[in-house]
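Q: Below is the file structure_2.cif, which contains mmCIF, C-alpha atoms.
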```
data_protein
#
loop_
_atom_site.label_atom_id
_atom_site.label_comp_id
_atom_site.auth_asym_id
_atom_site.auth_seq_id
_atom_site.Cartn_x
_atom_site.Cartn_y
_atom_site.Cartn_z
CA MET A 809 0.00 0.00 0.00
CA THR A 810 1.16 3.54 -0.73
CA LEU A 811 -0.36 6.99 -0.33
CA ASP A 812 -1.54 6.69 -3.94
CA SER A 813 -3.52 3.51 -3.29
CA LYS A 814 -7.26 3.71 -3.93
CA ILE A 815 -9.15 2.97 -0.69
CA ILE A 816 -12.61 1.45 -0.69
CA ILE A 817 -14.74 1.88 2.43
CA PRO A 818 -17.72 -0.50 2.55
CA ASP A 819 -21.25 0.71 3.36
CA SER A 820 -21.34 -1.66 6.33
CA LEU A 821 -19.07 0.55 8.49
CA PHE A 822 -20.48 3.24 10.78
CA LEU A 823 -18.77 5.69 13.10
CA GLN A 824 -20.03 7.27 16.32
CA GLN A 825 -18.47 9.40 19.04
CA VAL A 826 -18.95 8.19 22.64
CA ASP A 827 -17.57 10.60 25.24
CA ASP A 828 -14.09 11.39 23.90
CA GLU A 829 -13.67 8.17 21.96
CA THR A 830 -14.61 7.23 18.44
CA ILE A 831 -16.16 3.84 17.84
CA LEU A 832 -16.24 2.12 14.48
CA LEU A 833 -18.86 -0.59 14.01
CA ASP A 834 -18.62 -3.25 11.31
CA THR A 835 -22.23 -4.34 10.84
CA ASN A 836 -21.13 -7.41 8.86
CA THR A 837 -19.28 -8.95 11.78
CA GLN A 838 -20.81 -6.89 14.62
CA GLU A 839 -17.29 -6.12 15.79
CA TYR A 840 -16.51 -2.64 17.01
CA PHE A 841 -13.23 -0.84 17.40
CA ALA A 842 -12.10 2.20 19.30
CA LEU A 843 -10.11 4.68 17.23
CA ASN A 844 -7.56 6.93 18.86
CA GLU A 845 -7.27 10.61 17.98
CA LEU A 846 -5.08 10.00 14.94
CA GLY A 847 -7.29 7.17 13.74
CA THR A 848 -10.36 9.39 14.07
CA LEU A 849 -8.75 12.14 11.99
CA ILE A 850 -7.67 9.68 9.31
CA TRP A 851 -11.13 8.14 9.15
CA ASP A 852 -12.87 11.54 9.05
CA VAL A 853 -10.81 12.63 6.04
CA LEU A 854 -11.16 9.25 4.30
CA SER A 855 -14.95 9.36 4.69
CA PHE A 856 -15.06 12.46 2.50
CA ARG A 857 -12.13 11.79 0.19
CA GLN A 858 -10.71 8.33 -0.27
CA ASP A 859 -7.32 9.90 -0.88
CA LEU A 860 -4.41 9.16 1.44
CA ASN A 861 -2.51 12.22 0.23
CA ALA A 862 -5.37 14.36 1.57
CA VAL A 863 -5.12 12.41 4.82
CA LYS A 864 -1.38 13.16 4.99
CA ASP A 865 -2.06 16.89 4.49
CA ALA A 866 -4.62 16.85 7.33
CA VAL A 867 -2.20 15.05 9.66
CA LEU A 868 0.62 17.46 8.89
CA GLU A 869 -1.70 20.39 9.52
CA LYS A 870 -2.82 19.07 12.90
CA TYR A 871 0.32 17.47 14.30
CA ASP A 872 3.86 18.68 14.64
CA VAL A 873 5.48 15.78 12.75
CA ASP A 874 7.64 15.46 9.68
CA GLU A 875 6.26 14.11 6.46
CA SER A 876 8.02 10.78 6.70
CA THR A 877 6.60 10.05 10.19
CA ALA A 878 3.13 11.10 9.09
CA GLN A 879 3.29 8.81 6.08
CA LYS A 880 4.57 5.90 8.17
CA ASP A 881 1.82 6.30 10.80
CA ILE A 882 -0.92 6.65 8.19
CA LEU A 883 0.16 3.56 6.28
CA ALA A 884 0.49 1.56 9.53
CA PHE A 885 -3.08 2.52 10.44
CA MET A 886 -4.34 1.67 6.96
CA GLU A 887 -2.58 -1.72 7.02
CA MET A 888 -4.34 -2.46 10.30
CA LEU A 889 -7.71 -1.58 8.76
CA LEU A 890 -6.91 -3.75 5.76
CA GLU A 891 -5.87 -6.67 7.95
CA LYS A 892 -9.18 -6.46 9.82
CA LYS A 893 -10.97 -6.31 6.44
CA LEU A 894 -12.51 -2.94 7.31
CA ILE A 895 -11.30 -1.48 4.00
CA SER A 896 -10.20 -2.86 0.67
CA LEU A 897 -7.93 -1.59 -2.08
CA GLY A 898 -9.24 -0.61 -5.51
CA MET B 997 -53.73 -2.15 30.56
CA LYS B 998 -50.73 -0.01 29.64
CA LEU B 999 -47.61 -1.75 28.42
CA TYR B 1000 -44.52 0.23 27.30
CA GLU B 1001 -46.78 3.34 27.45
CA TYR B 1002 -49.28 1.87 24.96
CA GLU B 1003 -52.87 1.13 25.89
CA ILE B 1004 -53.62 -2.52 25.02
CA THR B 1005 -57.21 -3.40 24.19
CA TYR B 1006 -58.32 -6.92 23.44
CA GLU B 1007 -60.88 -7.90 20.84
CA GLN B 1008 -62.86 -4.65 20.71
CA GLU B 1009 -61.80 -1.67 18.71
CA VAL B 1010 -61.70 1.49 20.79
CA CYS B 1011 -60.73 4.81 19.35
CA PHE B 1012 -58.34 6.94 21.31
CA LYS B 1013 -57.51 10.54 20.55
CA ASN B 1014 -53.95 9.69 21.39
CA GLN B 1015 -52.87 6.95 18.98
CA LYS B 1016 -50.65 5.24 21.55
CA SER B 1017 -52.66 2.07 21.64
CA PHE B 1018 -52.70 -1.44 20.24
CA LEU B 1019 -55.71 -3.53 19.39
CA VAL B 1020 -54.99 -7.22 19.98
CA ALA B 1021 -57.46 -9.70 18.52
CA GLU B 1022 -57.65 -13.40 17.75
CA ALA B 1023 -57.84 -14.37 14.10
CA ASP B 1024 -57.04 -17.22 11.76
CA GLU B 1025 -53.38 -17.36 10.83
CA ASN B 1026 -52.58 -15.07 7.96
CA VAL B 1027 -51.54 -16.80 4.75
CA LEU B 1028 -49.49 -13.95 3.32
CA ASP B 1029 -46.19 -14.75 1.73
CA THR B 1030 -43.50 -14.51 4.38
CA SER B 1031 -40.40 -15.57 2.54
CA PHE B 1032 -38.04 -13.68 4.80
CA CYS B 1033 -37.22 -15.28 8.12
CA LEU B 1034 -35.08 -14.50 11.16
CA PHE B 1035 -34.59 -17.18 13.80
CA LEU B 1036 -34.32 -15.93 17.37
CA TYR B 1037 -32.29 -17.70 20.05
CA ASN B 1038 -32.30 -18.04 23.84
CA ASN B 1039 -36.07 -18.08 23.99
CA GLN B 1040 -37.36 -20.14 26.88
CA ASN B 1041 -36.53 -23.42 25.10
CA ARG B 1042 -38.98 -22.61 22.29
CA GLU B 1043 -38.35 -22.30 18.58
CA VAL B 1044 -39.06 -18.68 17.80
CA CYS B 1045 -38.81 -16.78 14.54
CA LEU B 1046 -39.82 -13.59 12.80
CA THR B 1047 -41.07 -13.75 9.25
CA SER B 1048 -41.97 -11.02 6.79
CA ASP B 1049 -43.01 -10.29 3.23
CA ARG B 1050 -39.90 -8.12 2.86
CA CYS B 1051 -36.30 -8.30 3.93
CA PHE B 1052 -35.42 -7.19 7.44
CA ASP B 1053 -32.50 -4.91 6.58
CA THR B 1054 -34.71 -1.84 6.57
CA ILE B 1055 -38.20 -1.98 8.04
CA VAL B 1056 -40.87 0.08 6.26
CA ARG B 1057 -44.36 1.19 7.17
CA GLY B 1058 -46.93 -1.35 6.04
CA GLN B 1059 -44.46 -4.24 6.07
CA PHE B 1060 -46.03 -7.48 7.25
CA ILE B 1061 -44.41 -9.06 10.30
CA CYS B 1062 -45.26 -12.41 11.87
CA PHE B 1063 -43.78 -13.56 15.18
CA LYS B 1064 -44.09 -17.29 15.69
CA VAL B 1065 -43.54 -19.38 18.79
CA LYS B 1066 -43.66 -22.97 17.57
CA ASN B 1067 -46.63 -24.92 18.91
CA VAL B 1068 -47.75 -21.95 21.02
CA ILE B 1069 -48.86 -18.83 19.16
CA ALA B 1070 -48.32 -16.58 16.16
CA PHE B 1071 -48.69 -12.79 16.27
CA CYS B 1072 -49.09 -10.87 13.02
CA THR B 1073 -49.13 -7.18 12.29
CA TYR B 1074 -48.42 -4.55 9.65
CA ILE B 1075 -45.75 -2.07 10.74
CA GLY B 1076 -47.43 1.10 11.96
CA SER B 1077 -50.96 -0.36 11.96
CA ARG B 1078 -51.31 -0.63 15.75
CA LYS B 1079 -53.28 -3.87 15.28
CA ILE B 1080 -51.95 -7.25 16.33
CA LEU B 1081 -53.74 -10.45 15.36
CA TYR B 1082 -52.88 -13.70 17.09
CA SER B 1083 -53.68 -17.34 16.49
CA TYR B 1084 -53.18 -20.09 19.04
CA LYS B 1085 -51.31 -23.28 18.18
CA LYS B 1086 -51.76 -26.62 19.94
CA GLU B 1087 -50.09 -25.58 23.23
CA GLY B 1088 -51.34 -22.00 23.22
CA THR B 1089 -53.10 -20.55 26.28
CA LYS B 1090 -54.13 -17.08 27.40
CA SER B 1091 -51.30 -16.85 29.91
CA LEU B 1092 -48.76 -17.89 27.25
CA ARG B 1093 -50.29 -15.36 24.88
CA ASP B 1094 -49.80 -12.63 27.51
CA TYR B 1095 -46.26 -13.77 28.30
CA TRP B 1096 -45.08 -13.77 24.70
CA LEU B 1097 -46.89 -10.51 23.92
CA TYR B 1098 -45.75 -8.50 26.95
CA HIS B 1099 -42.28 -9.97 27.35
CA THR B 1100 -41.13 -10.52 23.79
CA PHE B 1101 -43.29 -9.48 20.83
CA LEU B 1102 -44.22 -5.94 21.87
CA PRO B 1103 -40.62 -4.88 22.61
CA ILE B 1104 -39.51 -6.48 19.34
CA LEU B 1105 -42.26 -4.70 17.39
CA LEU B 1106 -41.54 -1.32 18.99
CA THR B 1107 -37.85 -1.84 18.19
CA LEU B 1108 -38.57 -2.73 14.56
CA GLU B 1109 -40.68 0.42 14.31
CA ASP B 1110 -37.79 2.43 15.75
CA VAL B 1111 -39.93 3.69 18.64
CA TYR B 1112 -37.63 2.41 21.40
CA TYR B 1113 -34.19 1.00 22.10
CA VAL B 1114 -34.64 -1.85 24.58
CA LEU B 1115 -32.10 -2.77 27.25
CA HIS B 1116 -32.02 -6.03 29.20
CA ALA B 1117 -32.10 -4.45 32.64
CA GLY B 1118 -33.95 -4.18 35.91
CA ALA B 1119 -35.11 -0.67 36.75
CA VAL B 1120 -36.63 1.04 39.77
CA GLU B 1121 -37.15 4.60 40.89
CA ILE B 1122 -34.87 5.91 43.61
CA GLY B 1123 -35.94 9.32 44.84
CA GLY B 1124 -38.36 9.45 41.91
CA VAL B 1125 -35.55 8.97 39.36
CA PRO B 1126 -35.12 5.87 37.16
CA VAL B 1127 -32.08 3.79 38.02
CA LEU B 1128 -31.16 0.80 35.86
CA PHE B 1129 -29.23 -2.36 36.72
CA VAL B 1130 -27.43 -4.24 33.96
CA ALA B 1131 -25.26 -7.32 34.37
CA ASP B 1132 -24.14 -10.58 32.80
CA SER B 1133 -26.57 -13.49 32.99
CA PHE B 1134 -27.05 -14.60 36.60
CA GLY B 1135 -25.33 -11.39 37.59
CA GLY B 1136 -27.88 -10.28 40.18
CA LYS B 1137 -30.16 -7.89 38.26
CA SER B 1138 -33.42 -9.57 39.27
CA THR B 1139 -32.32 -10.16 42.85
CA LEU B 1140 -31.33 -6.54 43.32
CA THR B 1141 -34.44 -5.21 41.51
CA ASN B 1142 -36.62 -7.43 43.68
CA PHE B 1143 -34.90 -6.15 46.82
CA PHE B 1144 -35.63 -2.55 45.87
CA ILE B 1145 -39.27 -3.44 45.14
CA GLN B 1146 -39.55 -5.08 48.58
CA LYS B 1147 -38.22 -1.80 50.00
CA ASN B 1148 -41.17 -0.05 48.32
CA HIS B 1149 -39.39 1.50 45.39
CA CYS B 1150 -41.52 1.93 42.31
CA MET B 1151 -40.76 -0.69 39.63
CA ILE B 1152 -40.14 0.37 36.04
CA SER B 1153 -39.21 -3.07 34.77
CA ASP B 1154 -37.98 -6.40 35.98
CA ASP B 1155 -36.36 -7.41 32.72
CA LYS B 1156 -36.73 -5.05 29.74
CA VAL B 1157 -36.25 -1.31 29.83
CA ALA B 1158 -37.43 0.42 26.68
CA THR B 1159 -35.72 3.76 26.14
CA TYR B 1160 -36.14 6.74 23.84
CA GLU B 1161 -34.54 10.14 23.46
CA TYR B 1162 -36.50 13.33 23.97
CA GLU B 1163 -35.11 16.85 24.27
CA GLY B 1164 -31.58 15.58 24.76
CA LYS B 1165 -32.43 13.11 27.54
CA ILE B 1166 -32.84 9.34 27.55
CA PHE B 1167 -36.16 8.25 29.02
CA ALA B 1168 -36.91 4.88 30.66
CA VAL B 1169 -40.35 3.47 29.79
CA PRO B 1170 -42.40 1.41 32.27
CA SER B 1171 -42.74 -2.06 30.68
CA TYR B 1172 -45.36 -4.31 32.29
CA PRO B 1173 -46.42 -4.56 35.95
CA TYR B 1174 -45.09 -8.04 36.67
CA GLN B 1175 -41.96 -9.17 38.38
CA ARG B 1176 -40.41 -12.60 38.40
CA PRO B 1177 -38.27 -13.12 41.51
CA TYR B 1178 -37.73 -16.76 40.54
CA ARG B 1179 -36.61 -18.48 37.36
CA GLN B 1180 -39.50 -20.12 35.57
CA MET B 1181 -39.98 -20.44 31.83
CA GLU B 1182 -42.72 -18.47 30.09
CA ASP B 1183 -43.97 -16.91 33.30
CA LEU B 1184 -44.54 -13.17 33.72
CA GLY B 1185 -44.29 -13.49 37.51
CA VAL B 1186 -46.24 -11.72 40.24
CA TYR B 1187 -48.29 -8.57 39.77
CA VAL B 1188 -46.59 -5.44 41.08
CA GLU B 1189 -48.91 -2.78 42.46
CA ASN B 1190 -46.20 -0.14 42.82
CA PHE B 1191 -45.52 0.19 39.09
CA ALA B 1192 -44.24 3.36 37.43
CA LYS B 1193 -46.92 5.52 35.82
CA LYS B 1194 -44.87 7.31 33.19
CA SER B 1195 -41.53 7.54 31.46
CA LYS B 1196 -38.84 9.64 33.08
CA PRO B 1197 -35.23 10.59 32.24
CA ILE B 1198 -32.73 7.98 33.40
CA GLY B 1199 -30.66 9.02 36.39
CA ILE B 1200 -27.92 6.38 36.44
CA ILE B 1201 -27.19 2.96 35.00
CA PHE B 1202 -25.31 0.55 37.26
CA HIS B 1203 -23.31 -2.30 35.80
CA LEU B 1204 -23.25 -5.02 38.46
CA GLN B 1205 -20.00 -6.92 38.83
CA LYS B 1206 -19.75 -9.93 41.11
CA SER B 1207 -16.99 -9.79 43.66
CA GLN B 1208 -15.81 -11.88 46.60
CA PRO B 1209 -18.31 -12.18 49.48
CA ASN B 1210 -16.13 -10.10 51.79
CA ALA B 1211 -15.12 -7.47 49.21
CA SER B 1212 -16.00 -3.79 49.57
CA ILE B 1213 -18.73 -2.15 47.47
CA GLU B 1214 -17.12 0.20 44.98
CA PHE B 1215 -18.43 2.55 42.33
CA THR B 1216 -16.35 3.32 39.24
CA PRO B 1217 -17.52 5.59 36.41
CA LEU B 1218 -17.28 4.20 32.88
CA GLN B 1219 -16.43 6.23 29.78
CA GLY B 1220 -16.03 5.81 26.06
CA ILE B 1221 -15.77 2.33 24.59
CA GLU B 1222 -15.98 0.61 27.99
CA LYS B 1223 -19.35 2.26 28.56
CA PHE B 1224 -20.42 1.41 25.02
CA LYS B 1225 -19.45 -2.26 25.48
CA VAL B 1226 -21.57 -2.60 28.63
CA LEU B 1227 -24.60 -1.09 26.93
CA ARG B 1228 -24.01 -3.14 23.78
CA TYR B 1229 -23.98 -6.32 25.86
CA ALA B 1230 -27.15 -5.14 27.63
CA THR B 1231 -28.99 -4.61 24.35
CA ASP B 1232 -32.08 -6.79 24.56
CA ILE B 1233 -33.34 -6.82 20.99
CA ASP B 1234 -30.25 -7.60 18.94
CA LEU B 1235 -31.49 -8.13 15.39
CA PRO B 1236 -29.74 -7.35 12.09
CA VAL B 1237 -32.33 -4.64 11.40
CA ASN B 1238 -31.89 -0.86 10.91
CA GLN B 1239 -28.32 -1.29 12.09
CA LYS B 1240 -27.07 2.22 11.49
CA SER B 1241 -30.04 3.66 13.38
CA LYS B 1242 -29.50 1.23 16.27
CA PHE B 1243 -25.82 2.15 16.49
CA THR B 1244 -26.70 5.82 16.57
CA GLN B 1245 -29.31 5.27 19.29
CA LEU B 1246 -26.93 3.18 21.41
CA SER B 1247 -24.19 5.80 21.10
CA SER B 1248 -26.68 8.47 22.13
CA ILE B 1249 -27.66 6.46 25.21
CA ALA B 1250 -23.96 6.10 26.04
CA ASN B 1251 -23.36 9.83 25.64
CA LYS B 1252 -26.41 10.98 27.55
CA THR B 1253 -26.47 8.67 30.57
CA LYS B 1254 -24.11 8.11 33.49
CA LEU B 1255 -22.89 4.55 33.82
CA TYR B 1256 -21.05 3.14 36.83
CA ASN B 1257 -19.53 -0.23 37.58
CA ILE B 1258 -20.56 -1.39 41.04
CA THR B 1259 -18.85 -4.33 42.68
CA ILE B 1260 -21.40 -6.54 44.40
CA PRO B 1261 -20.13 -8.82 47.21
CA TRP B 1262 -21.58 -12.20 46.34
CA ASP B 1263 -23.31 -12.76 49.67
CA LEU B 1264 -27.08 -12.44 50.04
CA ASN B 1265 -26.57 -11.43 53.68
CA ARG B 1266 -24.93 -8.25 52.44
CA LEU B 1267 -27.71 -7.31 50.02
CA GLU B 1268 -29.08 -4.74 52.44
CA GLU B 1269 -25.65 -3.15 52.61
CA VAL B 1270 -25.55 -2.98 48.80
CA TYR B 1271 -29.02 -1.43 48.81
CA TYR B 1272 -28.01 1.37 51.19
CA ALA B 1273 -24.74 1.96 49.37
CA ILE B 1274 -26.67 2.54 46.13
CA VAL B 1275 -29.29 4.78 47.75
CA GLN B 1276 -26.61 6.89 49.42
CA PHE B 1277 -24.64 7.07 46.18
CA ILE B 1278 -27.73 8.39 44.35
CA GLN B 1279 -28.42 10.94 47.10
CA HIS B 1280 -24.83 12.11 46.90
CA GLN B 1281 -25.11 12.47 43.12
CA HIS B 1282 -28.22 14.63 43.50
CA LYS B 1283 -26.47 16.92 45.96
CA GLY B 1284 -23.49 17.18 43.61
#
```
Show this structure as structure tokens.

A:
Amino acid sequence: MTLDSKIIIPDSLFLQQVDDETILLDTNTQEYFALNELGTLIWDVLSFRQDLNAVKDAVLEKYDVDESTAQKDILAFMEMLLEKKLISLG
Amino acid sequence: MKLYEYEITYEQEVCFKNQKSFLVAEADENVLDTSFCLFLYNNQNREVCLTSDRCFDTIVRGQFICFKVKNVIAFCTYIGSRKILYSYKKEGTKSLRDYWLYHTFLPILLTLEDVYYVLHAGAVEIGGVPVLFVADSFGGKSTLTNFFIQKNHCMISDDKVATYEYEGKIFAVPSYPYQRPYRQMEDLGVYVENFAKKSKPIGIIFHLQKSQPNASIEFTPLQGIEKFKVLRYATDIDLPVNQKSKFTQLSSIANKTKLYNITIPWDLNRLEEVYYAIVQFIQHQHKG
């Protein structure tokens, strides 16, 4: 996976905020996951634009990190989502 | 009789200005096509299913729903019609009809219609405010609810607490005026005179956790996903229906109610101590 990969988010995933945490529900498996602050930001951007370069721009704007770290963290998060079959690649 | 805030009338049609009523009448079993079927589990050792003329993913007004308890009874309705027809099967009786209607079909129907979100909980009023008890199976909900009822607290429900959101608050709905302080299949239990008259905003939800008989009673607030998990586990009507809406409702309940773990020493001789600890905790919350 790279930042240029096309991400597909299925219709079966829903997101809700509970207190200060974000919960992602997969209605196919009924599993739910807590997203941390970075994960919530990544998901919020992806929901509107399935473009990891836009995600990187949002992360760089919000956090004081260099581009390489941002890219590494984003791809690690996306690999985790892919492993759990929450997203797929186009 | 009022169940889940709806007036239930049997056999005779009565018009109410307020449309919160159900007409329940006996009829021959409907022969409509009901190709879609959901089997339900953990149902008093009976085979139970829901069938419909449409898929269950999204429920629509006018959709035909049939709830069948094998060898006992079938209830049929059209979503939004406020009429329920039932037909007895070979083991069907009036008391079984009432059990399956009050305890199971009405909460399912009101969930399918998106009227309520139902929690598997005991609930009483403490200081006039609804307090709910949720727990794992055999976790002490009924025992604790029964103890509060014996102490003259008004009962909201012994088993199922329907909830809805109104003006930013989550309301607990009085279910039916029966309590079952013993485990017996298909039995509503004993009539409870001191039954709540109307829905009120939930004060607190307690998640009961068994502890050692000599352990102290402790209250710990829950937040975020831990709170969500407890409420998710306590969800009574867990069907693959209107899932996005259900998730939104559950998250709203989590955001708008206070939820505390309470450790319960597993010793019936200390039940009175638990009772007073909870009452004092509620009083302290009100002062705060």

Q: Which residues, written as a list in words, have at least one atom at most 12 Å from Ala884 (chain A), with all atoms listed in the file counted and residues fewer than 5 positions away on the same chain left out?

A: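 Surrounding residues, per the criterion: Met809, Thr810, Leu811, Leu846, Gly847, Ile850, Thr877, Ala878, Gln879, Leu889, Leu890 and Glu891 of chain A.
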
Q: Tell me, as a VMD selection string, which residues lie within 6 Å of region 1108-1119 of chain B, counting only C-alpha atoms; anything in the same chain fewer than 3 positions away does not count.

A: chain B and resid 1105 1127 to 1130 1137 1141 1152 to 1160 1230 to 1232

Q: Counting all atoms listed in the file, select every polymer residue within 12 Å of (-51.0, -4.9, 11.5) as defined in the file's coordinates, and provide the selection as a PDB file with C-alpha atoms, in the coordinates of the input.

A:
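Ended up saving to out-v9.pdb:
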```
ATOM      1  CA  PHE B1018     -52.700  -1.440  20.240  1.00  0.00           C
ATOM      2  CA  LEU B1019     -55.710  -3.530  19.390  1.00  0.00           C
ATOM      3  CA  VAL B1020     -54.990  -7.220  19.980  1.00  0.00           C
ATOM      4  CA  ALA B1021     -57.460  -9.700  18.520  1.00  0.00           C
ATOM      5  CA  ALA B1023     -57.840 -14.370  14.100  1.00  0.00           C
ATOM      6  CA  ASN B1026     -52.580 -15.070   7.960  1.00  0.00           C
ATOM      7  CA  SER B1048     -41.970 -11.020   6.790  1.00  0.00           C
ATOM      8  CA  ARG B1057     -44.360   1.190   7.170  1.00  0.00           C
ATOM      9  CA  GLY B1058     -46.930  -1.350   6.040  1.00  0.00           C
ATOM     10  CA  GLN B1059     -44.460  -4.240   6.070  1.00  0.00           C
ATOM     11  CA  PHE B1060     -46.030  -7.480   7.250  1.00  0.00           C
ATOM     12  CA  ILE B1061     -44.410  -9.060  10.300  1.00  0.00           C
ATOM     13  CA  CYS B1062     -45.260 -12.410  11.870  1.00  0.00           C
ATOM     14  CA  PHE B1063     -43.780 -13.560  15.180  1.00  0.00           C
ATOM     15  CA  PHE B1071     -48.690 -12.790  16.270  1.00  0.00           C
ATOM     16  CA  CYS B1072     -49.090 -10.870  13.020  1.00  0.00           C
ATOM     17  CA  THR B1073     -49.130  -7.180  12.290  1.00  0.00           C
ATOM     18  CA  TYR B1074     -48.420  -4.550   9.650  1.00  0.00           C
ATOM     19  CA  ILE B1075     -45.750  -2.070  10.740  1.00  0.00           C
ATOM     20  CA  GLY B1076     -47.430   1.100  11.960  1.00  0.00           C
ATOM     21  CA  SER B1077     -50.960  -0.360  11.960  1.00  0.00           C
ATOM     22  CA  ARG B1078     -51.310  -0.630  15.750  1.00  0.00           C
ATOM     23  CA  LYS B1079     -53.280  -3.870  15.280  1.00  0.00           C
ATOM     24  CA  ILE B1080     -51.950  -7.250  16.330  1.00  0.00           C
ATOM     25  CA  LEU B1081     -53.740 -10.450  15.360  1.00  0.00           C
ATOM     26  CA  TYR B1082     -52.880 -13.700  17.090  1.00  0.00           C
ATOM     27  CA  LEU B1105     -42.260  -4.700  17.390  1.00  0.00           C
ATOM     28  CA  GLU B1109     -40.680   0.420  14.310  1.00  0.00           C
TER      29      GLU B1109
END
```

Q: Please, which residues of chain B lie no more than 7 Å from chain A when the count uses all atoms listed in the file, and can they be set out as a PyMOL selection string?

A: chain B and resi 1219-1221+1239-1240+1244+1247+1250-1251

Q: Given the PyMOL selection byres ((chain A and resi 818) around 9) and the file above, list the residues it selects as a list of chain:residue names.

A: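 So the PyMOL selection byres ((chain A and resi 818) around 9), applied here, picks out A:Ile816, A:Ile817, A:Asp819, A:Ser820, A:Leu821, A:Leu894, A:Ile895, A:Ser896.
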
Q: At what distance in Å, to one decimal, does CA of Ile1104 (chain B) lie from CA of Asp1053 (chain B)?

A: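 Result for CA of Asp1053 (chain B) versus CA of Ile1104 (chain B): 14.6 Å, one decimal.
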
Q: Step by step, work through what the PyMOL selection byres ((chain B and resi 1212) around 10) selects in the shown file, and finish by giving those residues as a list in words.

A: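 Applied to this file, the PyMOL selection byres ((chain B and resi 1212) around 10) returns Ser1207, Gln1208, Pro1209, Asn1210, Ala1211, Ile1213, Glu1214, Phe1215, Ile1258, Thr1259, Ile1260, Pro1261 and Val1270 of chain B.
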
Q: Contacts of Lys1064 (chain B) at 8 Å or less, counting all atoms listed in the file, minus same-chain residues fewer than 2 places along, as a ChimeraX atom specification?

A: /B:1044-1047,1062,1066,1068-1071

Q: Could you write out as JSON the box around region 1220-1233 of chain B (axis-aligned, all atoms listed in the file, 4 Å on each side), with centre and edge lengths in Å to one decimal?

A:
```
{"center_x": -24.6, "center_y": -0.5, "center_z": 24.8, "size_x": 25.6, "size_y": 20.6, "size_z": 15.6}
```

Q: Figure out the distance between CA of Leu1102 (chain B) and CA of Val1186 (chain B), please, to one decimal in Å.

A: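 Atom-to-atom, CA of Val1186 (chain B) to CA of Leu1102 (chain B), that is 19.4 Å.
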
Q: Running the PyMOL selection byres ((chain B and resi 1184) around 8) on this model by hand, what would come out? Give it as a JSON list (two decimals) with C-alpha atoms, keeping the file's coordinate frame.

A:
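Output below, filename out35.json:
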```
[["chain", "number", "residue", "atom", "x", "y", "z"],
["B", 1095, "TYR", "CA", -46.26, -13.77, 28.30],
["B", 1099, "HIS", "CA", -42.28, -9.97, 27.35],
["B", 1174, "TYR", "CA", -45.09, -8.04, 36.67],
["B", 1175, "GLN", "CA", -41.96, -9.17, 38.38],
["B", 1176, "ARG", "CA", -40.41, -12.60, 38.40],
["B", 1182, "GLU", "CA", -42.72, -18.47, 30.09],
["B", 1183, "ASP", "CA", -43.97, -16.91, 33.30],
["B", 1185, "GLY", "CA", -44.29, -13.49, 37.51],
["B", 1186, "VAL", "CA", -46.24, -11.72, 40.24]]
```

Q: May I ask for the distance between CA of Val1188 (chain B) and CA of Pro1170 (chain B), given in Å to one decimal place?

A: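 So the two atoms, CA of Val1188 (chain B) and CA of Pro1170 (chain B), lie 11.9 Å apart.
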
Q: How about completing region 1184-1194 of chain B with N, CA and C atoms and giving it to me as a PDB file, in the frame of the given file?

A:
```pdb
ATOM      1  N   LEU B1184     -44.744 -14.604  33.504  1.00  0.00           N
ATOM      2  CA  LEU B1184     -44.540 -13.170  33.720  1.00  0.00           C
ATOM      3  C   LEU B1184     -44.167 -12.862  35.171  1.00  0.00           C
ATOM      4  N   GLY B1185     -44.621 -13.714  36.111  1.00  0.00           N
ATOM      5  CA  GLY B1185     -44.290 -13.490  37.510  1.00  0.00           C
ATOM      6  C   GLY B1185     -45.481 -12.942  38.285  1.00  0.00           C
ATOM      7  N   VAL B1186     -45.178 -12.239  39.370  1.00  0.00           N
ATOM      8  CA  VAL B1186     -46.240 -11.720  40.240  1.00  0.00           C
ATOM      9  C   VAL B1186     -46.574 -10.281  39.873  1.00  0.00           C
ATOM     10  N   TYR B1187     -47.834  -9.927  40.075  1.00  0.00           N
ATOM     11  CA  TYR B1187     -48.290  -8.570  39.770  1.00  0.00           C
ATOM     12  C   TYR B1187     -47.642  -7.586  40.748  1.00  0.00           C
ATOM     13  N   VAL B1188     -47.231  -6.461  40.244  1.00  0.00           N
ATOM     14  CA  VAL B1188     -46.590  -5.440  41.080  1.00  0.00           C
ATOM     15  C   VAL B1188     -47.497  -4.210  41.123  1.00  0.00           C
ATOM     16  N   GLU B1189     -48.008  -3.921  42.291  1.00  0.00           N
ATOM     17  CA  GLU B1189     -48.910  -2.780  42.460  1.00  0.00           C
ATOM     18  C   GLU B1189     -48.168  -1.452  42.259  1.00  0.00           C
ATOM     19  N   ASN B1190     -46.973  -1.381  42.841  1.00  0.00           N
ATOM     20  CA  ASN B1190     -46.200  -0.140  42.820  1.00  0.00           C
ATOM     21  C   ASN B1190     -45.391  -0.067  41.511  1.00  0.00           C
ATOM     22  N   PHE B1191     -46.122   0.201  40.424  1.00  0.00           N
ATOM     23  CA  PHE B1191     -45.520   0.190  39.090  1.00  0.00           C
ATOM     24  C   PHE B1191     -45.494   1.620  38.556  1.00  0.00           C
ATOM     25  N   ALA B1192     -44.414   1.981  37.902  1.00  0.00           N
ATOM     26  CA  ALA B1192     -44.240   3.360  37.430  1.00  0.00           C
ATOM     27  C   ALA B1192     -45.390   3.768  36.493  1.00  0.00           C
ATOM     28  N   LYS B1193     -45.776   5.030  36.603  1.00  0.00           N
ATOM     29  CA  LYS B1193     -46.920   5.520  35.820  1.00  0.00           C
ATOM     30  C   LYS B1193     -46.495   6.110  34.481  1.00  0.00           C
ATOM     31  N   LYS B1194     -45.266   6.669  34.441  1.00  0.00           N
ATOM     32  CA  LYS B1194     -44.870   7.310  33.190  1.00  0.00           C
ATOM     33  C   LYS B1194     -43.360   7.260  33.009  1.00  0.00           C
TER      34      LYS B1194
END
```
